[in-house]
$ cat structure_35.cif   # mmCIF, C-alpha atoms and all ligand atoms
data_query
loop_
_atom_site.label_atom_id
_atom_site.label_comp_id
_atom_site.auth_asym_id
_atom_site.auth_seq_id
_atom_site.Cartn_x
_atom_site.Cartn_y
_atom_site.Cartn_z
CA MET F 1 -45.23 15.19 -54.33
CA LYS F 2 -44.53 11.47 -54.40
CA LYS F 3 -41.07 12.24 -55.69
CA LEU F 4 -40.46 14.73 -52.88
CA PHE F 5 -41.63 12.12 -50.34
CA LYS F 6 -39.21 9.56 -51.81
CA VAL F 7 -36.33 12.04 -51.54
CA LEU F 8 -37.23 12.80 -47.92
CA VAL F 9 -37.38 9.10 -47.01
CA LEU F 10 -34.00 8.48 -48.63
CA ALA F 11 -32.49 11.45 -46.77
CA LEU F 12 -33.89 10.13 -43.49
CA VAL F 13 -32.47 6.64 -44.12
CA ALA F 14 -29.07 8.13 -44.98
CA PHE F 15 -29.15 10.19 -41.78
CA LEU F 16 -30.01 7.17 -39.63
CA VAL F 17 -27.22 5.08 -41.17
CA VAL F 18 -24.66 7.80 -40.39
CA ALA F 19 -26.04 8.36 -36.88
CA CYS F 20 -25.95 4.65 -36.04
CA GLY F 21 -22.40 4.39 -37.28
CA ALA F 22 -21.35 7.24 -35.03
CA ALA F 23 -23.08 5.70 -32.01
CA ASN F 24 -21.36 2.40 -32.68
CA ASN F 25 -17.96 4.00 -32.94
CA GLY F 26 -18.39 5.81 -29.68
CA ASN F 27 -19.37 2.55 -28.14
CA ASN F 28 -16.15 0.86 -29.24
CA ASP F 29 -17.60 -2.67 -29.50
CA GLY F 30 -19.67 -2.20 -26.37
CA ASN F 31 -16.95 -3.75 -24.26
CA ASN F 32 -15.77 -0.51 -22.67
CA ASN F 33 -12.39 -1.29 -24.15
CA GLY F 34 -9.57 1.18 -23.89
CA ASN F 35 -8.77 2.71 -27.24
CA ASN F 36 -5.31 1.37 -27.87
CA ASP F 37 -6.00 0.39 -31.45
CA GLY F 38 -3.76 3.06 -32.92
CA THR F 39 -6.50 4.40 -35.20
CA GLY F 40 -6.22 7.84 -33.66
CA SER F 41 -9.92 8.04 -32.79
CA THR F 42 -10.78 9.58 -29.44
CA GLY F 43 -10.31 7.44 -26.33
CA GLU F 44 -12.62 6.14 -23.65
CA THR F 45 -13.54 7.95 -20.48
CA TYR F 46 -13.28 5.92 -17.30
CA GLU F 47 -14.65 6.84 -13.90
CA ILE F 48 -12.45 5.59 -11.08
CA GLY F 49 -13.23 5.89 -7.38
CA VAL F 50 -10.37 5.79 -4.89
CA ALA F 51 -10.91 5.60 -1.11
CA ILE F 52 -7.83 6.28 1.01
CA TYR F 53 -8.01 5.16 4.65
CA GLN F 54 -6.82 8.58 5.78
CA PHE F 55 -5.37 11.63 3.99
CA ASN F 56 -3.55 12.68 7.15
CA ASP F 57 -0.76 10.10 6.72
CA ASN F 58 2.65 10.96 5.23
CA PHE F 59 3.15 7.71 3.37
CA MET F 60 -0.36 7.46 1.97
CA THR F 61 -0.11 11.08 0.84
CA LEU F 62 2.95 10.24 -1.26
CA TYR F 63 1.12 7.20 -2.60
CA ARG F 64 -2.09 9.06 -3.38
CA ASN F 65 -0.32 11.92 -5.17
CA GLU F 66 1.69 9.49 -7.27
CA LEU F 67 -1.44 7.55 -8.19
CA GLN F 68 -3.26 10.67 -9.34
CA LYS F 69 -0.25 11.94 -11.28
CA TYR F 70 0.36 8.61 -12.98
CA PHE F 71 -3.26 8.21 -14.13
CA GLY F 72 -2.80 11.63 -15.79
CA GLU F 73 0.35 10.40 -17.52
CA LEU F 74 -1.38 7.21 -18.65
CA GLY F 75 -4.21 9.21 -20.17
CA ALA F 76 -1.79 11.49 -22.01
CA GLU F 77 -0.16 8.37 -23.47
CA ASP F 78 -3.13 6.21 -24.42
CA GLY F 79 -5.69 8.90 -25.26
CA ASN F 80 -8.17 7.70 -22.63
CA THR F 81 -9.52 9.94 -19.91
CA TYR F 82 -9.18 8.60 -16.38
CA ASN F 83 -11.41 10.60 -14.09
CA VAL F 84 -10.04 9.79 -10.67
CA GLU F 85 -12.13 10.77 -7.67
CA ILE F 86 -10.15 10.33 -4.46
CA VAL F 87 -11.93 10.48 -1.11
CA ASP F 88 -10.61 10.71 2.45
CA SER F 89 -12.05 7.98 4.69
CA ALA F 90 -10.56 9.85 7.69
CA ASN F 91 -9.74 6.54 9.42
CA ASP F 92 -13.45 6.00 9.95
CA GLN F 93 -14.77 2.61 8.91
CA ALA F 94 -18.46 3.60 8.78
CA ARG F 95 -17.62 6.63 6.67
CA GLN F 96 -15.59 4.50 4.26
CA VAL F 97 -18.39 1.96 3.85
CA GLU F 98 -20.67 4.84 2.84
CA GLN F 99 -18.09 6.21 0.39
CA LEU F 100 -17.56 2.81 -1.22
CA ASN F 101 -21.31 2.25 -1.49
CA ASN F 102 -21.57 5.66 -3.13
CA PHE F 103 -18.96 4.68 -5.71
CA ILE F 104 -21.01 1.58 -6.44
CA ALA F 105 -24.24 3.58 -6.67
CA GLN F 106 -22.51 6.01 -9.08
CA ASP F 107 -21.58 3.00 -11.22
CA LYS F 108 -17.86 3.77 -11.28
CA ASP F 109 -15.91 1.69 -13.81
CA LEU F 110 -13.41 0.63 -11.16
CA ILE F 111 -12.67 1.17 -7.47
CA ILE F 112 -9.28 1.36 -5.75
CA ALA F 113 -9.60 0.79 -2.01
CA ASN F 114 -7.21 1.36 0.86
CA MET F 115 -9.38 -0.21 3.54
CA VAL F 116 -9.72 1.44 6.96
CA SER F 117 -10.33 -2.04 8.28
CA PRO F 118 -9.12 -4.91 6.08
CA ALA F 119 -11.74 -7.07 7.83
CA GLY F 120 -14.39 -5.09 5.95
CA ALA F 121 -13.00 -6.05 2.54
CA ASP F 122 -15.16 -9.17 2.05
CA THR F 123 -18.51 -7.39 2.31
CA PHE F 124 -17.31 -4.63 0.03
CA LEU F 125 -15.94 -7.01 -2.61
CA GLN F 126 -19.20 -8.92 -2.64
CA SER F 127 -21.16 -5.70 -3.30
CA ALA F 128 -18.67 -4.66 -5.99
CA LYS F 129 -19.03 -8.07 -7.62
CA ASP F 130 -22.84 -7.81 -7.58
CA ALA F 131 -22.50 -4.45 -9.33
CA ASP F 132 -19.84 -5.77 -11.75
CA ILE F 133 -17.24 -3.20 -10.69
CA PRO F 134 -13.65 -4.52 -10.48
CA VAL F 135 -11.56 -3.61 -7.43
CA VAL F 136 -7.88 -3.03 -6.74
CA LEU F 137 -7.03 -3.23 -3.03
CA ILE F 138 -3.92 -1.34 -1.98
CA ASN F 139 -1.67 -0.81 1.06
CA ARG F 140 -3.57 -2.95 3.58
CA GLU F 141 -3.28 -6.59 2.68
CA PRO F 142 -6.44 -8.65 3.11
CA GLU F 143 -6.23 -10.83 6.21
CA SER F 144 -6.91 -14.00 4.25
CA THR F 145 -6.44 -15.21 0.68
CA SER F 146 -10.15 -16.12 0.70
CA THR F 147 -10.97 -12.41 0.27
CA LEU F 148 -9.50 -12.56 -3.22
CA GLU F 149 -11.47 -15.69 -4.03
CA ILE F 150 -14.78 -13.85 -3.77
CA TRP F 151 -14.38 -12.55 -7.32
CA PRO F 152 -11.28 -14.10 -8.88
CA GLY F 153 -9.73 -12.31 -11.84
CA LYS F 154 -11.59 -9.06 -11.14
CA THR F 155 -10.22 -8.23 -7.71
CA THR F 156 -6.61 -8.00 -6.67
CA TYR F 157 -4.20 -6.79 -4.03
CA VAL F 158 -1.20 -4.67 -5.02
CA GLY F 159 1.37 -4.33 -2.27
CA VAL F 160 4.58 -5.29 -0.55
CA ASP F 161 5.23 -8.16 1.81
CA ALA F 162 5.42 -6.62 5.26
CA ARG F 163 7.42 -9.57 6.62
CA GLN F 164 10.28 -8.38 4.45
CA SER F 165 10.19 -4.88 5.96
CA GLY F 166 10.22 -6.41 9.44
CA ARG F 167 13.21 -8.61 8.64
CA TYR F 168 15.14 -5.66 7.17
CA GLN F 169 14.62 -3.67 10.35
CA GLY F 170 15.90 -6.60 12.41
CA GLU F 171 18.91 -6.95 10.11
CA ILE F 172 19.78 -3.26 10.38
CA ILE F 173 20.06 -3.60 14.16
CA ALA F 174 21.72 -7.04 14.05
CA GLU F 175 24.46 -5.72 11.77
CA LEU F 176 25.48 -2.90 14.09
CA GLU F 177 28.84 -3.57 15.71
CA ASN F 178 27.17 -4.33 19.06
CA SER F 179 23.99 -5.78 17.45
CA GLY F 180 22.05 -3.16 19.41
CA ASP F 181 23.34 -4.39 22.78
CA ILE F 182 24.71 -1.09 24.08
CA ASP F 183 25.18 -2.11 27.72
CA GLY F 184 26.76 -5.45 26.82
CA ASP F 185 24.41 -7.62 28.90
CA GLY F 186 23.90 -9.99 25.97
CA LYS F 187 20.34 -8.82 25.32
CA VAL F 188 18.76 -6.04 23.30
CA GLN F 189 16.22 -4.19 25.43
CA TYR F 190 13.71 -2.48 23.17
CA ILE F 191 10.34 -0.81 22.90
CA MET F 192 7.96 -1.36 19.98
CA ILE F 193 5.77 1.42 18.62
CA MET F 194 3.12 -0.16 16.43
CA GLY F 195 0.72 1.26 13.86
CA ASP F 196 -2.88 0.18 14.27
CA THR F 197 -2.96 -3.30 15.65
CA GLU F 198 -5.50 -4.74 13.13
CA ASN F 199 -3.15 -3.89 10.28
CA VAL F 200 -1.11 -6.67 8.68
CA ASP F 201 1.82 -4.26 8.16
CA ALA F 202 1.88 -3.44 11.86
CA GLN F 203 1.59 -7.06 12.97
CA GLN F 204 4.22 -8.41 10.60
CA ARG F 205 6.76 -5.63 11.02
CA THR F 206 6.50 -6.12 14.77
CA GLN F 207 6.86 -9.88 14.64
CA TYR F 208 9.51 -10.22 11.96
CA SER F 209 11.82 -7.42 13.07
CA ILE F 210 12.27 -9.18 16.39
CA GLU F 211 12.40 -12.69 14.93
CA GLN F 212 15.15 -11.53 12.60
CA LEU F 213 17.15 -9.81 15.35
CA GLU F 214 16.83 -12.89 17.53
CA GLU F 215 18.73 -14.89 14.94
CA THR F 216 21.72 -12.87 16.13
CA ILE F 217 21.03 -11.90 19.74
CA GLU F 218 18.47 -12.28 22.51
CA THR F 219 15.91 -9.52 22.93
CA GLU F 220 13.70 -8.21 25.71
CA LEU F 221 10.59 -6.13 25.21
CA LEU F 222 10.26 -3.42 27.85
CA GLY F 223 6.61 -3.05 28.85
CA GLU F 224 3.80 -3.65 26.37
CA ARG F 225 3.81 -3.10 22.66
CA LEU F 226 2.64 0.47 22.14
CA ARG F 227 -0.01 1.60 19.70
CA GLY F 228 0.87 4.79 17.81
CA ASP F 229 -1.56 4.56 14.87
CA TRP F 230 1.18 5.54 12.35
CA ASP F 231 1.13 9.03 13.81
CA GLN F 232 4.16 11.20 14.60
CA THR F 233 2.69 12.96 17.63
CA LYS F 234 1.58 9.68 19.16
CA GLY F 235 5.02 8.21 18.45
CA GLN F 236 6.62 11.13 20.24
CA GLU F 237 4.32 10.87 23.27
CA LEU F 238 4.72 7.11 23.61
CA ALA F 239 8.50 7.26 23.26
CA ALA F 240 8.73 10.15 25.75
CA ALA F 241 6.71 8.19 28.33
CA ALA F 242 8.79 5.04 27.78
CA LEU F 243 12.06 6.97 28.02
CA ALA F 244 10.87 8.51 31.28
CA GLN F 245 9.95 5.08 32.62
CA TYR F 246 12.85 2.93 31.44
CA GLY F 247 15.61 5.49 30.88
CA ASP F 248 18.93 4.01 29.77
CA GLU F 249 17.50 0.52 29.73
CA ILE F 250 16.04 1.24 26.27
CA GLU F 251 18.62 0.38 23.66
CA VAL F 252 16.46 0.22 20.53
CA ILE F 253 13.22 1.85 19.52
CA PHE F 254 11.43 -0.04 16.77
CA ALA F 255 8.68 1.95 15.09
CA ASN F 256 6.39 0.41 12.48
CA ASN F 257 6.75 3.53 10.33
CA ASP F 258 8.96 6.58 9.88
CA ALA F 259 6.37 9.08 11.09
CA MET F 260 6.29 7.42 14.52
CA GLY F 261 10.08 6.98 14.36
CA LEU F 262 10.45 10.72 13.80
CA GLY F 263 8.25 11.29 16.84
CA ALA F 264 10.46 8.91 18.80
CA LEU F 265 13.53 10.83 17.63
CA GLN F 266 12.04 14.07 19.00
CA ALA F 267 11.55 12.31 22.34
CA ILE F 268 15.08 10.86 22.23
CA ASN F 269 16.58 14.31 21.62
CA ALA F 270 14.40 15.89 24.31
CA ALA F 271 15.61 13.24 26.78
CA GLY F 272 19.22 14.20 26.00
CA ARG F 273 19.99 10.84 24.41
CA LYS F 274 21.98 10.47 21.20
CA VAL F 275 21.10 8.11 18.34
CA GLY F 276 24.05 5.95 17.34
CA GLU F 277 25.71 6.46 20.72
CA ASP F 278 23.35 5.46 23.50
CA ILE F 279 20.21 4.44 21.61
CA TYR F 280 19.05 3.27 18.16
CA VAL F 281 15.88 3.93 16.20
CA VAL F 282 14.72 2.06 13.13
CA SER F 283 11.49 2.20 11.09
CA VAL F 284 9.91 1.80 7.65
CA ASP F 285 8.88 4.03 4.69
CA ALA F 286 12.07 5.94 3.79
CA LEU F 287 10.44 9.36 3.98
CA GLU F 288 12.90 11.90 2.56
CA GLU F 289 13.44 13.50 5.97
CA VAL F 290 14.38 10.16 7.50
CA VAL F 291 16.69 9.17 4.64
CA ASN F 292 18.55 12.47 5.16
CA LEU F 293 18.83 11.79 8.90
CA VAL F 294 20.16 8.27 8.21
CA VAL F 295 22.79 9.71 5.87
CA GLU F 296 23.80 12.24 8.54
CA GLY F 297 24.05 9.45 11.14
CA GLU F 298 21.23 10.86 13.23
CA TYR F 299 18.86 7.98 12.64
CA THR F 300 19.80 4.30 12.64
CA GLY F 301 17.93 3.04 9.63
CA THR F 302 14.83 2.84 7.49
CA VAL F 303 13.36 0.62 4.80
CA LEU F 304 11.90 1.93 1.55
CA ASN F 305 8.16 1.30 1.31
CA ASP F 306 8.02 1.82 -2.43
CA HIS F 307 4.93 3.99 -2.93
CA TYR F 308 6.08 4.85 -6.44
CA ASN F 309 6.02 1.30 -7.80
CA GLN F 310 2.95 0.36 -5.78
CA ALA F 311 1.04 3.34 -7.21
CA HIS F 312 2.18 2.65 -10.77
CA THR F 313 1.34 -1.03 -10.59
CA ALA F 314 -2.04 -0.32 -8.97
CA ALA F 315 -2.87 1.98 -11.91
CA ASP F 316 -1.48 -0.40 -14.55
CA VAL F 317 -3.52 -3.26 -13.11
CA ALA F 318 -6.57 -0.97 -12.97
CA VAL F 319 -6.14 -0.29 -16.70
CA MET F 320 -5.99 -4.03 -17.43
CA LEU F 321 -9.26 -4.45 -15.53
CA LEU F 322 -10.84 -1.52 -17.35
CA LYS F 323 -9.97 -3.21 -20.63
CA GLY F 324 -11.90 -6.25 -19.43
CA GLU F 325 -8.84 -8.42 -18.73
CA GLU F 326 -8.53 -10.89 -15.87
CA VAL F 327 -5.77 -10.12 -13.37
CA ALA F 328 -3.77 -12.07 -10.78
CA PRO F 329 -4.86 -12.05 -7.12
CA TYR F 330 -1.53 -10.61 -5.93
CA TYR F 331 0.95 -8.11 -7.38
CA TRP F 332 4.06 -7.64 -5.26
CA HIS F 333 6.92 -5.18 -5.05
CA ASP F 334 9.93 -5.31 -2.77
CA TYR F 335 10.94 -3.29 0.23
CA VAL F 336 14.51 -1.97 0.04
CA ARG F 337 16.97 -1.51 2.91
CA VAL F 338 18.11 2.10 2.88
CA THR F 339 21.63 3.08 3.77
CA SER F 340 22.16 5.74 1.10
CA PRO F 341 19.85 8.11 -0.81
CA GLU F 342 20.35 5.94 -3.93
CA ASP F 343 18.62 3.03 -2.19
CA ALA F 344 15.53 5.17 -1.81
CA GLU F 345 15.50 6.35 -5.43
CA LEU F 346 12.18 5.94 -7.15
CA VAL F 347 12.61 3.98 -10.37
CA ARG F 348 10.10 1.78 -12.11
CA LYS F 349 10.63 -1.89 -11.27
CA ASP F 350 8.91 -5.10 -12.34
CA TYR F 351 6.20 -6.52 -10.16
CA ARG F 352 5.76 -10.20 -9.28
CA THR F 353 2.37 -11.84 -9.54
CA GLU F 354 1.38 -14.66 -7.25
CA THR F 355 -1.54 -17.09 -7.34
CA ILE F 356 -3.55 -17.93 -4.24
CA GLU F 357 -2.10 -21.47 -4.29
CA ALA F 358 1.48 -20.18 -4.49
CA TYR F 359 0.86 -17.70 -1.67
CA GLU F 360 -0.68 -20.37 0.52
CA ALA F 361 2.25 -22.69 -0.15
CA ARG F 362 4.61 -19.89 0.85
CA LEU F 363 2.65 -19.32 4.07
CA ALA F 364 2.74 -23.04 4.88
CA GLU F 365 6.52 -22.96 4.40
CA ILE F 366 6.83 -20.04 6.80
CA ASP F 367 4.77 -21.96 9.37
CA ASP F 368 6.91 -25.08 8.89
CA GLN F 369 10.05 -23.08 9.51
CA LYS F 370 8.56 -21.86 12.78
CA ILE F 371 7.75 -25.38 13.90
CA ASP F 372 11.31 -26.46 13.07
CA GLU F 373 12.84 -23.69 15.19
C1 LIG E 401 2.08 1.45 5.91
C2 LIG E 401 3.01 2.63 6.01
C3 LIG E 401 2.55 3.53 7.12
C4 LIG E 401 1.09 3.88 6.95
C5 LIG E 401 0.27 2.63 6.78
C6 LIG E 401 -1.18 2.93 6.51
O1 LIG E 401 2.46 0.63 4.83
O2 LIG E 401 4.31 2.17 6.27
O3 LIG E 401 3.34 4.69 7.15
O4 LIG E 401 0.96 4.69 5.83
O5 LIG E 401 0.78 1.87 5.70
O6 LIG E 401 -1.90 1.75 6.29
#
$ encode --input "structure_35.cif" --output "structure tokens"
Amino acid sequence: MKKLFKVLVLALVAFLVVACGAANNGNNDGNNNGNNDGTGSTGETYEIGVAIYQFNDNFMTLYRNELQKYFGELGAEDGNTYNVEIVDSANDQARQVEQLNNFIAQDKDLIIANMVSPAGADTFLQSAKDADIPVVLINREPESTSTLEIWPGKTTYVGVDARQSGRYQGEIIAELENSGDIDGDGKVQYIMIMGDTENVDAQQRTQYSIEQLEETIETELLGERLRGDWDQTKGQELAAAALAQYGDEIEVIFANNDAMGLGALQAINAAGRKVGEDIYVVSVDALEEVVNLVVEGEYTGTVLNDHYNQAHTAADVAVMLLKGEEVAPYYWHDYVRVTSPEDAELVRKDYRTETIEAYEARLAEIDDQKIDE
């Protein structure tokens, strides 16, 4: 009996040793590290929450699809499982706050956020920090560098510098033979169709496109800046109304994105005007449809908003954070001026990182230049 008891105790001890070993393995040093150690054991599973400001947006749809696809590719490569839950914030700030709080309550491993209102980022990042969930902000740059100081190393913005896209639009018009001055009065009369006015992209594209053009020729805004919320139908309606009001006076239509530019093109055609002859239209994103129109000479120009590299970098940076690494506050890609389909080709490019200090120094330099002018 005693002997049997001894055997049973030994068997139990052996079982516990094996069981503990297995639990430890699964835990992979308790650090939630990705399993890149080449031992061939099964990978980690990560829960990632993604909130997109609005699904009904051509550019963000390209971005979102690329992000989802690329996380799948990453998982196939590194053996980890990236469970990506993407939600539609439907351009509703209150709804997004609820969705982000849900992600936090579900204890996601990481959150990727395309803020409806960048002004809401600070409160959200503070809650994410309290819950120890790293965050990658995308597409809508925080209004101030201080947002990324709330939780340095664990929060970041991946994007493109919208000033650059504004300048490229200005350059495209400036480099036309008549610099956009169709009637030869020495001034470019234009209308401006903006996205949503709280958005850094909208503000900077508006400001820098005109500043750039003014390095070559004087400009005159007809009426007020118009708000089209990145939407094609609104772009069409606003352009139609402006064309009815100002007629031939309008020489250039600037639109903050291609969707609104396409709307403007519909209005231009309906008004019996002809792009490249008696009016110009320029915008940003390089949607395939617009690139084709540019090539055919039916659209003046666009600028590639590189969703492919932004999505890949956002996911690569997310993986660094999931592995417990510290990341830079800013990861940048470039806009590209598009004159041929090759310019809009999607190929992986290097990102640039920037510290808060470097970014602030760059901003101070931009301000200095303005004072000098
Ligand atoms: C811009 C893009 C627009 C729209 C907007 C949403 O970068 O050019 O088309 O998607 O983001 O924030």
$ closest_residue --input "structure_35.cif" --among "F:Ile172, F:Ala242, F:Ala270, F:Ile253" --to "Gly301 of chain F" --atoms "all atoms listed in the file"
F:Ile172
$ residues_around --input "structure_35.cif" --residues "segment 316-318 of chain F" --least-positions-apart "3" --cutoff "8 Å" --atoms "all atoms listed in the file" --output "ChimeraX atom specification"
/F:110,135-136,312-313,321-322,327
$ residues_near_ligand --input "structure_35.cif" --ligand "ligand LIG 401 (chain E)" --cutoff "10 Å" --atoms "all atoms listed in the file" --output "ChimeraX atom specification"
/F:52-63,91,114-118,138-141,159-162,165,195-196,199-202,205,229-232,255-260,283-287,303-307
$ closest_residue --input "structure_35.cif" --among "F:Val275, F:Ala311, F:Thr156, F:Asp350" --to "Glu298 of chain F" --atoms "only C-alpha atoms"
F:Val275
$ residues_around --input "structure_35.cif" --residues "Gln212 of chain F" --least-positions-apart "4" --cutoff "6 Å" --atoms "only C-alpha atoms" --output "VMD selection string"
chain F and resid 167 170 208
$ write_last_selection --input "structure_35.cif" --atoms "C-alpha atoms" --output "mmCIF file, in the frame of the given file"
data_model
loop_
_atom_site.group_PDB
_atom_site.id
_atom_site.type_symbol
_atom_site.label_atom_id
_atom_site.label_comp_id
_atom_site.auth_asym_id
_atom_site.auth_seq_id
_atom_site.Cartn_x
_atom_site.Cartn_y
_atom_site.Cartn_z
ATOM 1 C CA ARG F 167 13.210 -8.610 8.640
ATOM 2 C CA GLY F 170 15.900 -6.600 12.410
ATOM 3 C CA TYR F 208 9.510 -10.220 11.960
#
$ build_atoms --input "structure_35.cif" --residues "segment 229-253 of chain F" --atoms "N, CA and C atoms" --output "PDB file, keeping the file's coordinate frame"
ATOM      1  N   ASP F 229      -0.681   4.246  16.004  1.00  0.00           N
ATOM      2  CA  ASP F 229      -1.560   4.560  14.870  1.00  0.00           C
ATOM      3  C   ASP F 229      -0.865   5.279  13.710  1.00  0.00           C
ATOM      4  N   TRP F 230       0.384   4.999  13.478  1.00  0.00           N
ATOM      5  CA  TRP F 230       1.180   5.540  12.350  1.00  0.00           C
ATOM      6  C   TRP F 230       1.447   7.030  12.487  1.00  0.00           C
ATOM      7  N   ASP F 231       1.188   7.580  13.654  1.00  0.00           N
ATOM      8  CA  ASP F 231       1.130   9.030  13.810  1.00  0.00           C
ATOM      9  C   ASP F 231       2.339   9.584  14.569  1.00  0.00           C
ATOM     10  N   GLN F 232       2.927  10.652  14.037  1.00  0.00           N
ATOM     11  CA  GLN F 232       4.160  11.200  14.600  1.00  0.00           C
ATOM     12  C   GLN F 232       3.970  11.684  16.039  1.00  0.00           C
ATOM     13  N   THR F 233       2.905  12.420  16.284  1.00  0.00           N
ATOM     14  CA  THR F 233       2.690  12.960  17.630  1.00  0.00           C
ATOM     15  C   THR F 233       2.528  11.826  18.637  1.00  0.00           C
ATOM     16  N   LYS F 234       1.755  10.804  18.238  1.00  0.00           N
ATOM     17  CA  LYS F 234       1.580   9.680  19.160  1.00  0.00           C
ATOM     18  C   LYS F 234       2.911   8.967  19.382  1.00  0.00           C
ATOM     19  N   GLY F 235       3.702   8.837  18.326  1.00  0.00           N
ATOM     20  CA  GLY F 235       5.020   8.210  18.450  1.00  0.00           C
ATOM     21  C   GLY F 235       5.882   8.966  19.444  1.00  0.00           C
ATOM     22  N   GLN F 236       5.816  10.282  19.347  1.00  0.00           N
ATOM     23  CA  GLN F 236       6.620  11.130  20.240  1.00  0.00           C
ATOM     24  C   GLN F 236       6.157  10.962  21.694  1.00  0.00           C
ATOM     25  N   GLU F 237       4.851  10.985  21.904  1.00  0.00           N
ATOM     26  CA  GLU F 237       4.320  10.870  23.270  1.00  0.00           C
ATOM     27  C   GLU F 237       4.644   9.508  23.885  1.00  0.00           C
ATOM     28  N   LEU F 238       4.465   8.464  23.084  1.00  0.00           N
ATOM     29  CA  LEU F 238       4.720   7.110  23.610  1.00  0.00           C
ATOM     30  C   LEU F 238       6.203   6.919  23.933  1.00  0.00           C
ATOM     31  N   ALA F 239       7.064   7.415  23.025  1.00  0.00           N
ATOM     32  CA  ALA F 239       8.500   7.260  23.260  1.00  0.00           C
ATOM     33  C   ALA F 239       8.926   8.087  24.473  1.00  0.00           C
ATOM     34  N   ALA F 240       8.365   9.293  24.615  1.00  0.00           N
ATOM     35  CA  ALA F 240       8.730  10.150  25.750  1.00  0.00           C
ATOM     36  C   ALA F 240       8.355   9.455  27.065  1.00  0.00           C
ATOM     37  N   ALA F 241       7.157   8.871  27.109  1.00  0.00           N
ATOM     38  CA  ALA F 241       6.710   8.190  28.330  1.00  0.00           C
ATOM     39  C   ALA F 241       7.617   6.990  28.618  1.00  0.00           C
ATOM     40  N   ALA F 242       7.955   6.224  27.578  1.00  0.00           N
ATOM     41  CA  ALA F 242       8.790   5.040  27.780  1.00  0.00           C
ATOM     42  C   ALA F 242      10.203   5.444  28.218  1.00  0.00           C
ATOM     43  N   LEU F 243      10.719   6.516  27.641  1.00  0.00           N
ATOM     44  CA  LEU F 243      12.060   6.970  28.020  1.00  0.00           C
ATOM     45  C   LEU F 243      12.067   7.435  29.479  1.00  0.00           C
ATOM     46  N   ALA F 244      10.963   8.068  29.885  1.00  0.00           N
ATOM     47  CA  ALA F 244      10.870   8.510  31.280  1.00  0.00           C
ATOM     48  C   ALA F 244      10.816   7.300  32.197  1.00  0.00           C
ATOM     49  N   GLN F 245      10.123   6.258  31.766  1.00  0.00           N
ATOM     50  CA  GLN F 245       9.950   5.080  32.620  1.00  0.00           C
ATOM     51  C   GLN F 245      11.198   4.190  32.661  1.00  0.00           C
ATOM     52  N   TYR F 246      11.760   3.932  31.493  1.00  0.00           N
ATOM     53  CA  TYR F 246      12.850   2.930  31.440  1.00  0.00           C
ATOM     54  C   TYR F 246      14.249   3.528  31.297  1.00  0.00           C
ATOM     55  N   GLY F 247      14.319   4.817  30.970  1.00  0.00           N
ATOM     56  CA  GLY F 247      15.610   5.490  30.880  1.00  0.00           C
ATOM     57  C   GLY F 247      16.609   4.768  29.998  1.00  0.00           C
ATOM     58  N   ASP F 248      17.827   4.590  30.547  1.00  0.00           N
ATOM     59  CA  ASP F 248      18.930   4.010  29.770  1.00  0.00           C
ATOM     60  C   ASP F 248      18.728   2.556  29.403  1.00  0.00           C
ATOM     61  N   GLU F 249      17.744   1.934  30.060  1.00  0.00           N
ATOM     62  CA  GLU F 249      17.500   0.520  29.730  1.00  0.00           C
ATOM     63  C   GLU F 249      17.120   0.355  28.248  1.00  0.00           C
ATOM     64  N   ILE F 250      16.463   1.374  27.681  1.00  0.00           N
ATOM     65  CA  ILE F 250      16.040   1.240  26.270  1.00  0.00           C
ATOM     66  C   ILE F 250      17.252   1.390  25.362  1.00  0.00           C
ATOM     67  N   GLU F 251      17.510   0.320  24.609  1.00  0.00           N
ATOM     68  CA  GLU F 251      18.620   0.380  23.660  1.00  0.00           C
ATOM     69  C   GLU F 251      18.147   0.614  22.229  1.00  0.00           C
ATOM     70  N   VAL F 252      16.977   0.050  21.900  1.00  0.00           N
ATOM     71  CA  VAL F 252      16.460   0.220  20.530  1.00  0.00           C
ATOM     72  C   VAL F 252      14.987   0.601  20.569  1.00  0.00           C
ATOM     73  N   ILE F 253      14.645   1.571  19.742  1.00  0.00           N
ATOM     74  CA  ILE F 253      13.220   1.850  19.520  1.00  0.00           C
ATOM     75  C   ILE F 253      12.880   1.372  18.118  1.00  0.00           C
TER      76      ILE F 253
END
